[in-house]
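Beneath this line is the structure, given in structure tokens, with notes to follow.
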Amino acid sequence: MRGFFGVICLLCLPLILWSQAPQAYGHLGSAIEIELPLFEVIFHDPRLQEKTSLFERYKEAVENSFTLGYRLDEEIEKIGSEEEKFRREYLGSLRALQDKRDALKAIYFSRVSDAIRQDKADYLLFLIEKGERFLVSNSKLKNEVLLYSKGLKGIAGNPTLKAFQQEKELDEYSYAITQKMQEEYKAYQEVLAKAEAAKLRKLLVSQKKGGVIVYAQENGGDIDFYVENLFEMHVSSTLFIKNIQGYETESVLPYRLVLDARQKVKALTLKNIDKKKHVGHFTSHISWSKGSIDSQPDMDFIYALPFHETQRVSQGFNGNTSHKGNAKYAVDFAMDIGTPVYAARGGKVVELVQEHDQHGMSLNMRDYANYIIIEHSDKTLGRYFHLKKQSVKVKLGDVVKRGELLALSGDTGRTSGPHLHFVVTKAETFRDGYRSMSVPIKFLCTDGIIDNPMNGKSYCSALK
């Protein structure tokens, strides 16, 4: 159906990718990673063992490519001087994998055809169940499979084949609609956009995850774009609309806007140049970052140390490992697991995660950190990371005071040991969009004001 109804589809980038692939070019690396275990099952089956070595060479090429990708991730994280070099090498290696991927898929497709021709229903069922992802992309072969499977007991009722058949029938029905009644086609697109937006919003809310969703609605031939912020904090966003045909807009593109917490706005409209003609075409995506680009950090504010008594700094500003680039004003305090963590500055609790208990140094461990984010009066964000699982003492939307108990320190996410990572950020422009940038802060301790926490030095909190 996507081939017919993709013009005004729901467009969103709020979901977290739970992939082991490198973060850079995730749309390429993640696809390769998803396919790899499918290829492995298919090509290690006894009926395809003569092709196993071909798969093993491809697997080695993938591992080498991902090694470059992880190096690129590190360079991006610290804004490394070699980022552009690794970007070219990694992207080139991913493109070089294409021929090997196509060769494996071609072998898979030929075995599916052979199974149909030789009437090997059991092997065909194995190939369908293990290689569904590949078969989806070959509509001609998929139709041959459906034709062969009709009337065969034990295979026709297979859930994957049922889904293929339902999709085919729906596509045929949808195509008939688009050919016969253009107005019904437009109306269907509008319903689809609304339904998908509602579905996504329900998913994010039920999972208690923030996000920014964008969707388009047809309005008398014109296209209205709506942007909704599901976070409890300000968000800076950029809406990109390109390859526009048949429409025009008075808005400056890309379209930039700052959204308040839980705000939904009509961002812009694409005007249909000639409403007597068919619907035009465009492509679009959104980039966003937590925090307001309009934030004016209060550089005179004195933060409390986020603990009682005395704790040691394990990594200060512009540290030797991870506190570089946009994170150069972060500070790590070496705290034992279970140490109480207090608010360094008052504000609103705008995001919290506390369900994880994993930790390690691989890049994918960044997705498993427990944390609290507090938005301050100057729209900066105070971030408290690596908290203990299920230890948060505040709720989303709470307004807390400086010195109020927030949670217990832990060892979750990308860590080399228990500690509290604390940083204050604001949104800033970066390339075509935005990113979070740390801001310099000062702490109050029993010895006075600290404006540069030193590695290895212990500081005594003035909080009691």
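Every chain in the structure tokens has a letter given in the order shown (A, B, ...), and although residue numbers restart at 1 in each chain, ligands are simply numbered from 1 in the order shown.
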Near-Thr339 of chain A list (12 Å; only C-alpha atoms; drop same-chain fewer than 6 positions) as a PDB file with all heavy atoms, in the first residue's frame:
ATOM      1  N   PRO A 306      25.447  18.200  43.456  1.00  0.00           N
ATOM      2  CA  PRO A 306      24.266  17.325  43.492  1.00  0.00           C
ATOM      3  C   PRO A 306      24.388  16.172  44.487  1.00  0.00           C
ATOM      4  O   PRO A 306      23.942  15.053  44.204  1.00  0.00           O
ATOM      5  CB  PRO A 306      24.193  16.818  42.049  1.00  0.00           C
ATOM      6  CG  PRO A 306      25.601  16.808  41.589  1.00  0.00           C
ATOM      7  CD  PRO A 306      26.267  17.985  42.256  1.00  0.00           C
ATOM      8  N   PHE A 307      24.991  16.438  45.648  1.00  0.00           N
ATOM      9  CA  PHE A 307      25.153  15.396  46.665  1.00  0.00           C
ATOM     10  C   PHE A 307      25.379  16.057  48.019  1.00  0.00           C
ATOM     11  O   PHE A 307      25.630  17.276  48.093  1.00  0.00           O
ATOM     12  CB  PHE A 307      26.334  14.473  46.322  1.00  0.00           C
ATOM     13  CG  PHE A 307      27.607  15.207  46.003  1.00  0.00           C
ATOM     14  CD1 PHE A 307      28.442  15.691  47.001  1.00  0.00           C
ATOM     15  CD2 PHE A 307      27.976  15.419  44.684  1.00  0.00           C
ATOM     16  CE1 PHE A 307      29.609  16.375  46.706  1.00  0.00           C
ATOM     17  CE2 PHE A 307      29.148  16.112  44.379  1.00  0.00           C
ATOM     18  CZ  PHE A 307      29.961  16.589  45.385  1.00  0.00           C
ATOM     19  N   HIS A 308      25.270  15.287  49.084  1.00  0.00           N
ATOM     20  CA  HIS A 308      25.639  15.742  50.421  1.00  0.00           C
ATOM     21  C   HIS A 308      27.055  15.244  50.721  1.00  0.00           C
ATOM     22  O   HIS A 308      27.568  14.343  50.069  1.00  0.00           O
ATOM     23  CB  HIS A 308      24.668  15.199  51.452  1.00  0.00           C
ATOM     24  CG  HIS A 308      23.343  15.902  51.447  1.00  0.00           C
ATOM     25  ND1 HIS A 308      22.297  15.564  52.290  1.00  0.00           N
ATOM     26  CD2 HIS A 308      22.874  16.931  50.693  1.00  0.00           C
ATOM     27  CE1 HIS A 308      21.266  16.355  52.063  1.00  0.00           C
ATOM     28  NE2 HIS A 308      21.581  17.182  51.090  1.00  0.00           N
ATOM     29  N   GLU A 309      27.654  15.845  51.705  1.00  0.00           N
ATOM     30  CA  GLU A 309      28.985  15.453  52.163  1.00  0.00           C
ATOM     31  C   GLU A 309      30.025  15.651  51.060  1.00  0.00           C
ATOM     32  O   GLU A 309      30.013  16.673  50.387  1.00  0.00           O
ATOM     33  CB  GLU A 309      28.961  14.012  52.698  1.00  0.00           C
ATOM     34  CG  GLU A 309      27.987  13.855  53.881  1.00  0.00           C
ATOM     35  CD  GLU A 309      27.905  12.443  54.388  1.00  0.00           C
ATOM     36  OE1 GLU A 309      28.455  11.543  53.721  1.00  0.00           O
ATOM     37  OE2 GLU A 309      27.284  12.232  55.442  1.00  0.00           O
ATOM     38  N   THR A 310      30.928  14.675  50.845  1.00  0.00           N
ATOM     39  CA  THR A 310      32.073  14.871  49.949  1.00  0.00           C
ATOM     40  C   THR A 310      32.118  13.778  48.883  1.00  0.00           C
ATOM     41  O   THR A 310      31.916  12.601  49.172  1.00  0.00           O
ATOM     42  CB  THR A 310      33.390  14.848  50.751  1.00  0.00           C
ATOM     43  OG1 THR A 310      33.345  15.881  51.746  1.00  0.00           O
ATOM     44  CG2 THR A 310      34.589  15.070  49.834  1.00  0.00           C
ATOM     45  N   GLN A 311      32.410  14.200  47.638  1.00  0.00           N
ATOM     46  CA  GLN A 311      32.560  13.244  46.531  1.00  0.00           C
ATOM     47  C   GLN A 311      33.736  13.683  45.656  1.00  0.00           C
ATOM     48  O   GLN A 311      34.078  14.870  45.581  1.00  0.00           O
ATOM     49  CB  GLN A 311      31.288  13.164  45.680  1.00  0.00           C
ATOM     50  CG  GLN A 311      30.053  12.698  46.419  1.00  0.00           C
ATOM     51  CD  GLN A 311      30.134  11.251  46.871  1.00  0.00           C
ATOM     52  OE1 GLN A 311      30.949  10.475  46.370  1.00  0.00           O
ATOM     53  NE2 GLN A 311      29.285  10.882  47.841  1.00  0.00           N
ATOM     54  N   PHE A 333      31.033  12.602  38.870  1.00  0.00           N
ATOM     55  CA  PHE A 333      31.366  12.422  40.283  1.00  0.00           C
ATOM     56  C   PHE A 333      31.377  10.922  40.576  1.00  0.00           C
ATOM     57  O   PHE A 333      30.395  10.223  40.310  1.00  0.00           O
ATOM     58  CB  PHE A 333      30.345  13.122  41.174  1.00  0.00           C
ATOM     59  CG  PHE A 333      30.314  14.616  41.001  1.00  0.00           C
ATOM     60  CD1 PHE A 333      29.317  15.222  40.238  1.00  0.00           C
ATOM     61  CD2 PHE A 333      31.272  15.417  41.595  1.00  0.00           C
ATOM     62  CE1 PHE A 333      29.271  16.591  40.080  1.00  0.00           C
ATOM     63  CE2 PHE A 333      31.240  16.793  41.444  1.00  0.00           C
ATOM     64  CZ  PHE A 333      30.243  17.390  40.672  1.00  0.00           C
ATOM     65  N   HIS A 386      23.078   7.977  34.584  1.00  0.00           N
ATOM     66  CA  HIS A 386      23.607   6.712  35.111  1.00  0.00           C
ATOM     67  C   HIS A 386      22.985   6.356  36.464  1.00  0.00           C
ATOM     68  O   HIS A 386      23.625   5.744  37.315  1.00  0.00           O
ATOM     69  CB  HIS A 386      25.138   6.739  35.223  1.00  0.00           C
ATOM     70  CG  HIS A 386      25.825   7.206  33.986  1.00  0.00           C
ATOM     71  ND1 HIS A 386      25.583   6.643  32.752  1.00  0.00           N
ATOM     72  CD2 HIS A 386      26.734   8.198  33.777  1.00  0.00           C
ATOM     73  CE1 HIS A 386      26.318   7.259  31.840  1.00  0.00           C
ATOM     74  NE2 HIS A 386      27.014   8.203  32.424  1.00  0.00           N
ATOM     75  N   LEU A 387      21.729   6.728  36.671  1.00  0.00           N
ATOM     76  CA  LEU A 387      21.058   6.500  37.952  1.00  0.00           C
ATOM     77  C   LEU A 387      20.724   5.019  38.155  1.00  0.00           C
ATOM     78  O   LEU A 387      20.634   4.236  37.212  1.00  0.00           O
ATOM     79  CB  LEU A 387      19.779   7.325  38.009  1.00  0.00           C
ATOM     80  CG  LEU A 387      19.951   8.839  37.787  1.00  0.00           C
ATOM     81  CD1 LEU A 387      18.598   9.533  37.748  1.00  0.00           C
ATOM     82  CD2 LEU A 387      20.844   9.447  38.859  1.00  0.00           C
ATOM     83  N   LYS A 388      20.527   4.656  39.401  1.00  0.00           N
ATOM     84  CA  LYS A 388      20.181   3.284  39.763  1.00  0.00           C
ATOM     85  C   LYS A 388      18.770   2.965  39.290  1.00  0.00           C
ATOM     86  O   LYS A 388      17.872   3.812  39.322  1.00  0.00           O
ATOM     87  CB  LYS A 388      20.284   3.107  41.281  1.00  0.00           C
ATOM     88  CG  LYS A 388      20.029   1.688  41.763  1.00  0.00           C
ATOM     89  CD  LYS A 388      20.178   1.601  43.287  1.00  0.00           C
ATOM     90  CE  LYS A 388      19.899   0.192  43.789  1.00  0.00           C
ATOM     91  NZ  LYS A 388      20.025   0.115  45.268  1.00  0.00           N
ATOM     92  N   SER A 391      15.020   3.964  41.056  1.00  0.00           N
ATOM     93  CA  SER A 391      15.381   4.724  42.262  1.00  0.00           C
ATOM     94  C   SER A 391      14.893   6.160  42.231  1.00  0.00           C
ATOM     95  O   SER A 391      15.144   6.922  43.161  1.00  0.00           O
ATOM     96  CB  SER A 391      16.906   4.720  42.439  1.00  0.00           C
ATOM     97  OG  SER A 391      17.533   5.544  41.468  1.00  0.00           O
ATOM     98  N   LEU A 405      15.730  15.776  46.941  1.00  0.00           N
ATOM     99  CA  LEU A 405      16.180  14.442  46.558  1.00  0.00           C
ATOM    100  C   LEU A 405      15.533  14.023  45.241  1.00  0.00           C
ATOM    101  O   LEU A 405      14.318  14.063  45.090  1.00  0.00           O
ATOM    102  CB  LEU A 405      15.824  13.434  47.655  1.00  0.00           C
ATOM    103  CG  LEU A 405      16.206  11.972  47.386  1.00  0.00           C
ATOM    104  CD1 LEU A 405      17.715  11.815  47.264  1.00  0.00           C
ATOM    105  CD2 LEU A 405      15.672  11.071  48.502  1.00  0.00           C
ATOM    106  N   LEU A 406      16.374  13.599  44.281  1.00  0.00           N
ATOM    107  CA  LEU A 406      15.887  13.183  42.971  1.00  0.00           C
ATOM    108  C   LEU A 406      15.894  11.674  42.785  1.00  0.00           C
ATOM    109  O   LEU A 406      14.928  11.084  42.299  1.00  0.00           O
ATOM    110  CB  LEU A 406      16.751  13.809  41.866  1.00  0.00           C
ATOM    111  CG  LEU A 406      16.804  15.331  41.785  1.00  0.00           C
ATOM    112  CD1 LEU A 406      17.730  15.758  40.654  1.00  0.00           C
ATOM    113  CD2 LEU A 406      15.411  15.918  41.572  1.00  0.00           C
ATOM    114  N   ALA A 407      17.012  11.015  43.137  1.00  0.00           N
ATOM    115  CA  ALA A 407      17.175   9.585  42.859  1.00  0.00           C
ATOM    116  C   ALA A 407      18.432   9.092  43.566  1.00  0.00           C
ATOM    117  O   ALA A 407      19.032   9.827  44.365  1.00  0.00           O
ATOM    118  CB  ALA A 407      17.273   9.356  41.350  1.00  0.00           C
ATOM    119  N   LEU A 408      18.829   7.859  43.248  1.00  0.00           N
ATOM    120  CA  LEU A 408      20.072   7.282  43.755  1.00  0.00           C
ATOM    121  C   LEU A 408      21.031   7.070  42.593  1.00  0.00           C
ATOM    122  O   LEU A 408      20.611   6.706  41.489  1.00  0.00           O
ATOM    123  CB  LEU A 408      19.804   5.950  44.462  1.00  0.00           C
ATOM    124  CG  LEU A 408      18.798   5.971  45.617  1.00  0.00           C
ATOM    125  CD1 LEU A 408      18.642   4.566  46.196  1.00  0.00           C
ATOM    126  CD2 LEU A 408      19.227   6.960  46.699  1.00  0.00           C
ATOM    127  N   SER A 409      22.299   7.321  42.826  1.00  0.00           N
ATOM    128  CA  SER A 409      23.288   7.126  41.768  1.00  0.00           C
ATOM    129  C   SER A 409      23.439   5.639  41.455  1.00  0.00           C
ATOM    130  O   SER A 409      23.112   4.779  42.274  1.00  0.00           O
ATOM    131  CB  SER A 409      24.633   7.720  42.187  1.00  0.00           C
ATOM    132  OG  SER A 409      25.174   6.996  43.282  1.00  0.00           O
ATOM    133  N   GLY A 410      23.938   5.353  40.260  1.00  0.00           N
ATOM    134  CA  GLY A 410      24.063   3.965  39.858  1.00  0.00           C
ATOM    135  C   GLY A 410      25.189   3.744  38.878  1.00  0.00           C
ATOM    136  O   GLY A 410      26.176   4.485  38.833  1.00  0.00           O
ATOM    137  N   ASP A 411      25.000   2.733  38.032  1.00  0.00           N
ATOM    138  CA  ASP A 411      26.015   2.359  37.036  1.00  0.00           C
ATOM    139  C   ASP A 411      25.279   1.801  35.828  1.00  0.00           C
ATOM    140  O   ASP A 411      25.392   0.624  35.494  1.00  0.00           O
ATOM    141  CB  ASP A 411      26.977   1.331  37.634  1.00  0.00           C
ATOM    142  CG  ASP A 411      28.141   1.000  36.707  1.00  0.00           C
ATOM    143  OD1 ASP A 411      28.403   1.799  35.785  1.00  0.00           O
ATOM    144  OD2 ASP A 411      28.769  -0.063  36.890  1.00  0.00           O
ATOM    145  N   PRO A 418      30.683   2.942  38.472  1.00  0.00           N
ATOM    146  CA  PRO A 418      29.620   3.762  39.070  1.00  0.00           C
ATOM    147  C   PRO A 418      30.018   5.235  39.146  1.00  0.00           C
ATOM    148  O   PRO A 418      31.122   5.563  39.584  1.00  0.00           O
ATOM    149  CB  PRO A 418      29.472   3.166  40.477  1.00  0.00           C
ATOM    150  CG  PRO A 418      30.045   1.789  40.382  1.00  0.00           C
ATOM    151  CD  PRO A 418      31.151   1.873  39.384  1.00  0.00           C
ATOM    152  N   HIS A 419      29.132   6.107  38.710  1.00  0.00           N
ATOM    153  CA  HIS A 419      29.355   7.553  38.859  1.00  0.00           C
ATOM    154  C   HIS A 419      28.082   8.305  38.463  1.00  0.00           C
ATOM    155  O   HIS A 419      27.170   7.728  37.856  1.00  0.00           O
ATOM    156  CB  HIS A 419      30.540   8.033  38.014  1.00  0.00           C
ATOM    157  CG  HIS A 419      30.294   8.040  36.533  1.00  0.00           C
ATOM    158  ND1 HIS A 419      30.393   6.901  35.743  1.00  0.00           N
ATOM    159  CD2 HIS A 419      29.948   9.044  35.687  1.00  0.00           C
ATOM    160  CE1 HIS A 419      30.135   7.214  34.484  1.00  0.00           C
ATOM    161  NE2 HIS A 419      29.852   8.502  34.420  1.00  0.00           N
ATOM    162  N   LEU A 420      28.050   9.575  38.801  1.00  0.00           N
ATOM    163  CA  LEU A 420      26.974  10.468  38.361  1.00  0.00           C
ATOM    164  C   LEU A 420      27.539  11.407  37.303  1.00  0.00           C
ATOM    165  O   LEU A 420      28.538  12.087  37.530  1.00  0.00           O
ATOM    166  CB  LEU A 420      26.422  11.288  39.529  1.00  0.00           C
ATOM    167  CG  LEU A 420      25.416  12.384  39.124  1.00  0.00           C
ATOM    168  CD1 LEU A 420      24.103  11.767  38.650  1.00  0.00           C
ATOM    169  CD2 LEU A 420      25.163  13.353  40.274  1.00  0.00           C
TER     170      LEU A 420
END
Please identify all polymer residues within 12 Å of Leu147 of chain A, counting only C-alpha atoms, omitting same-chain residues fewer than 5 positions from it, and present them as a ChimeraX atom specification.
-> /A:116,140-142,152,155-156,161,164-165,168
So which residues touch Asp432 of chain A within 9 Å, counting only C-alpha atoms, skipping near sequence neighbours fewer than 2 positions away, as a PyMOL selection string?
-> chain A and resi 238+254+287+429-430+434
Give me, as a Markdown table, the closest atom pair and its distance (Å, one decimal) for every residue of segment 389-421 of chain A within a cut-off of 12 Å of segment 219-237 of chain A, counting only C-alpha atoms, rows sorted by chain and rising number.
| residue | atom | partner | partner_atom | distance |
| --- | --- | --- | --- | --- |
| A:Lys395 | CA | A:Glu232 | CA | 11.6 |
| A:Leu396 | CA | A:Glu232 | CA | 7.9 |
| A:Gly397 | CA | A:Glu232 | CA | 7.0 |
| A:Asp398 | CA | A:Glu232 | CA | 10.4 |
| A:Val399 | CA | A:Glu232 | CA | 11.8 |
Go ahead and save the residues from that selection, with N, CA, C and O atoms, as a PDB file, in the first residue's frame.
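Listed below is the output, out29.pdb:
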ATOM      1  N   LYS A 395       8.326  12.691  40.024  1.00  0.00           N
ATOM      2  CA  LYS A 395       7.472  12.303  38.909  1.00  0.00           C
ATOM      3  C   LYS A 395       7.608  13.303  37.776  1.00  0.00           C
ATOM      4  O   LYS A 395       7.966  14.465  37.990  1.00  0.00           O
ATOM      5  N   LEU A 396       7.285  12.843  36.567  1.00  0.00           N
ATOM      6  CA  LEU A 396       7.292  13.721  35.403  1.00  0.00           C
ATOM      7  C   LEU A 396       6.333  14.883  35.641  1.00  0.00           C
ATOM      8  O   LEU A 396       5.193  14.692  36.036  1.00  0.00           O
ATOM      9  N   GLY A 397       6.805  16.094  35.420  1.00  0.00           N
ATOM     10  CA  GLY A 397       5.984  17.289  35.616  1.00  0.00           C
ATOM     11  C   GLY A 397       6.144  17.926  36.978  1.00  0.00           C
ATOM     12  O   GLY A 397       5.672  19.056  37.189  1.00  0.00           O
ATOM     13  N   ASP A 398       6.806  17.239  37.924  1.00  0.00           N
ATOM     14  CA  ASP A 398       7.030  17.824  39.249  1.00  0.00           C
ATOM     15  C   ASP A 398       7.928  19.059  39.150  1.00  0.00           C
ATOM     16  O   ASP A 398       8.857  19.103  38.329  1.00  0.00           O
ATOM     17  N   VAL A 399       7.653  20.040  39.991  1.00  0.00           N
ATOM     18  CA  VAL A 399       8.542  21.193  40.134  1.00  0.00           C
ATOM     19  C   VAL A 399       9.346  20.995  41.413  1.00  0.00           C
ATOM     20  O   VAL A 399       8.775  20.872  42.500  1.00  0.00           O
TER      21      VAL A 399
END
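If you measure from each of A:Asp294, A:Glu40, A:Glu404, A:Glu89 to Asn64 of chain A using only C-alpha atoms, the closest one turns out to be A:Glu89.
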Surrounding residues of Val331 of chain A excluding itself and chain neighbours under 4 positions, 7 Å, only C-alpha atoms, as a PDB file with all heavy atoms, in the first residue's frame:
ATOM      1  N   GLN A 315      36.019  12.848  36.317  1.00  0.00           N
ATOM      2  CA  GLN A 315      36.301  13.512  35.037  1.00  0.00           C
ATOM      3  C   GLN A 315      35.675  14.899  35.059  1.00  0.00           C
ATOM      4  O   GLN A 315      34.482  15.038  35.270  1.00  0.00           O
ATOM      5  CB  GLN A 315      35.765  12.704  33.841  1.00  0.00           C
ATOM      6  CG  GLN A 315      36.165  13.311  32.505  1.00  0.00           C
ATOM      7  CD  GLN A 315      35.648  12.552  31.294  1.00  0.00           C
ATOM      8  OE1 GLN A 315      35.940  12.890  30.152  1.00  0.00           O
ATOM      9  NE2 GLN A 315      34.839  11.518  31.527  1.00  0.00           N
ATOM     10  N   GLY A 316      36.486  15.905  34.853  1.00  0.00           N
ATOM     11  CA  GLY A 316      35.993  17.274  34.900  1.00  0.00           C
ATOM     12  C   GLY A 316      35.698  17.835  33.525  1.00  0.00           C
ATOM     13  O   GLY A 316      35.523  17.099  32.549  1.00  0.00           O
ATOM     14  N   PHE A 317      35.643  19.180  33.446  1.00  0.00           N
ATOM     15  CA  PHE A 317      35.390  19.842  32.171  1.00  0.00           C
ATOM     16  C   PHE A 317      36.502  19.496  31.177  1.00  0.00           C
ATOM     17  O   PHE A 317      37.679  19.416  31.534  1.00  0.00           O
ATOM     18  CB  PHE A 317      35.335  21.354  32.347  1.00  0.00           C
ATOM     19  CG  PHE A 317      34.189  21.846  33.201  1.00  0.00           C
ATOM     20  CD1 PHE A 317      34.188  23.140  33.714  1.00  0.00           C
ATOM     21  CD2 PHE A 317      33.113  21.033  33.493  1.00  0.00           C
ATOM     22  CE1 PHE A 317      33.143  23.603  34.494  1.00  0.00           C
ATOM     23  CE2 PHE A 317      32.056  21.482  34.272  1.00  0.00           C
ATOM     24  CZ  PHE A 317      32.074  22.773  34.771  1.00  0.00           C
ATOM     25  N   HIS A 421      26.911  11.433  36.153  1.00  0.00           N
ATOM     26  CA  HIS A 421      27.278  12.354  35.077  1.00  0.00           C
ATOM     27  C   HIS A 421      26.293  13.527  35.141  1.00  0.00           C
ATOM     28  O   HIS A 421      25.087  13.335  34.998  1.00  0.00           O
ATOM     29  CB  HIS A 421      27.177  11.639  33.731  1.00  0.00           C
ATOM     30  CG  HIS A 421      27.424  12.518  32.538  1.00  0.00           C
ATOM     31  ND1 HIS A 421      28.669  12.690  31.975  1.00  0.00           N
ATOM     32  CD2 HIS A 421      26.571  13.257  31.797  1.00  0.00           C
ATOM     33  CE1 HIS A 421      28.575  13.498  30.935  1.00  0.00           C
ATOM     34  NE2 HIS A 421      27.298  13.852  30.799  1.00  0.00           N
ATOM     35  N   PHE A 422      26.807  14.736  35.336  1.00  0.00           N
ATOM     36  CA  PHE A 422      25.938  15.909  35.424  1.00  0.00           C
ATOM     37  C   PHE A 422      26.392  16.933  34.398  1.00  0.00           C
ATOM     38  O   PHE A 422      27.583  17.227  34.260  1.00  0.00           O
ATOM     39  CB  PHE A 422      25.988  16.527  36.816  1.00  0.00           C
ATOM     40  CG  PHE A 422      25.142  17.777  36.950  1.00  0.00           C
ATOM     41  CD1 PHE A 422      23.766  17.700  36.977  1.00  0.00           C
ATOM     42  CD2 PHE A 422      25.742  19.026  37.021  1.00  0.00           C
ATOM     43  CE1 PHE A 422      22.986  18.847  37.085  1.00  0.00           C
ATOM     44  CE2 PHE A 422      24.979  20.183  37.129  1.00  0.00           C
ATOM     45  CZ  PHE A 422      23.593  20.087  37.160  1.00  0.00           C
ATOM     46  N   VAL A 423      25.411  17.484  33.667  1.00  0.00           N
ATOM     47  CA  VAL A 423      25.716  18.502  32.668  1.00  0.00           C
ATOM     48  C   VAL A 423      24.485  19.380  32.476  1.00  0.00           C
ATOM     49  O   VAL A 423      23.343  18.939  32.656  1.00  0.00           O
ATOM     50  CB  VAL A 423      26.129  17.839  31.322  1.00  0.00           C
ATOM     51  CG1 VAL A 423      24.975  17.038  30.725  1.00  0.00           C
ATOM     52  CG2 VAL A 423      26.651  18.870  30.336  1.00  0.00           C
TER      53      VAL A 423
END
Write out as a VMD selection string all residues of segment 314-460 of chain A that backbone DSSP assigns to strand (DSSP E or B).
-> chain A and resid 314 to 315 331 to 334 340 to 342 347 to 353 359 to 360 371 to 375 381 to 385 387 399 to 400 405 to 409 413 to 414 420 to 430 433 to 438 442 to 445 448 to 450 458 to 460
Pick from A:Gln296, A:Thr52, A:Ser314, A:Ser113: nearest to Asp378 of chain A, with only C-alpha atoms counted?
-> A:Gln296
Between segment 22-82 of chain A and segment 351-373 of chain A, at 10 Å or less, what are the per-residue closest atom pairs and their distances in Å? Count only C-alpha atoms, order by chain and rising residue number, and return it as a tab-separated table.
residue	atom	partner	partner_atom	distance
A:Pro22	CA	A:Leu363	CA	7.9
A:Gln23	CA	A:Asn364	CA	8.5
A:Tyr70	CA	A:Leu363	CA	7.6
A:Asp73	CA	A:Leu363	CA	8.0
A:Glu74	CA	A:Leu363	CA	8.4
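Counting from atom CA of Ala96 of chain A, the distance to atom CA of Tyr58 of chain A is 10.6 Å.
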Name all residues at most 12 Å from Arg95 of chain A (count only C-alpha atoms; drop same-chain ones fewer than 6 positions away) and give them as a list in words.
-> Tyr25, Leu28, Gly29, Ile32, Ala61, Val62, Ser65, Arg88, Glu89, Arg101 and Asp102 of chain A
Excluding segment 243-247 of chain A and residues on its chain fewer than 6 positions from it, collect all residues at most 8 Å away from it, counting only C-alpha atoms, and give them as JSON, numbers by chain.
-> {"A": [222, 270, 271, 272, 273, 274, 279, 280, 281, 282, 283]}
Please indicate the distance in Å from atom CA of Gly346 of chain A to atom CA of Leu444 of chain A, rounded to one decimal place.
-> 14.6 Å
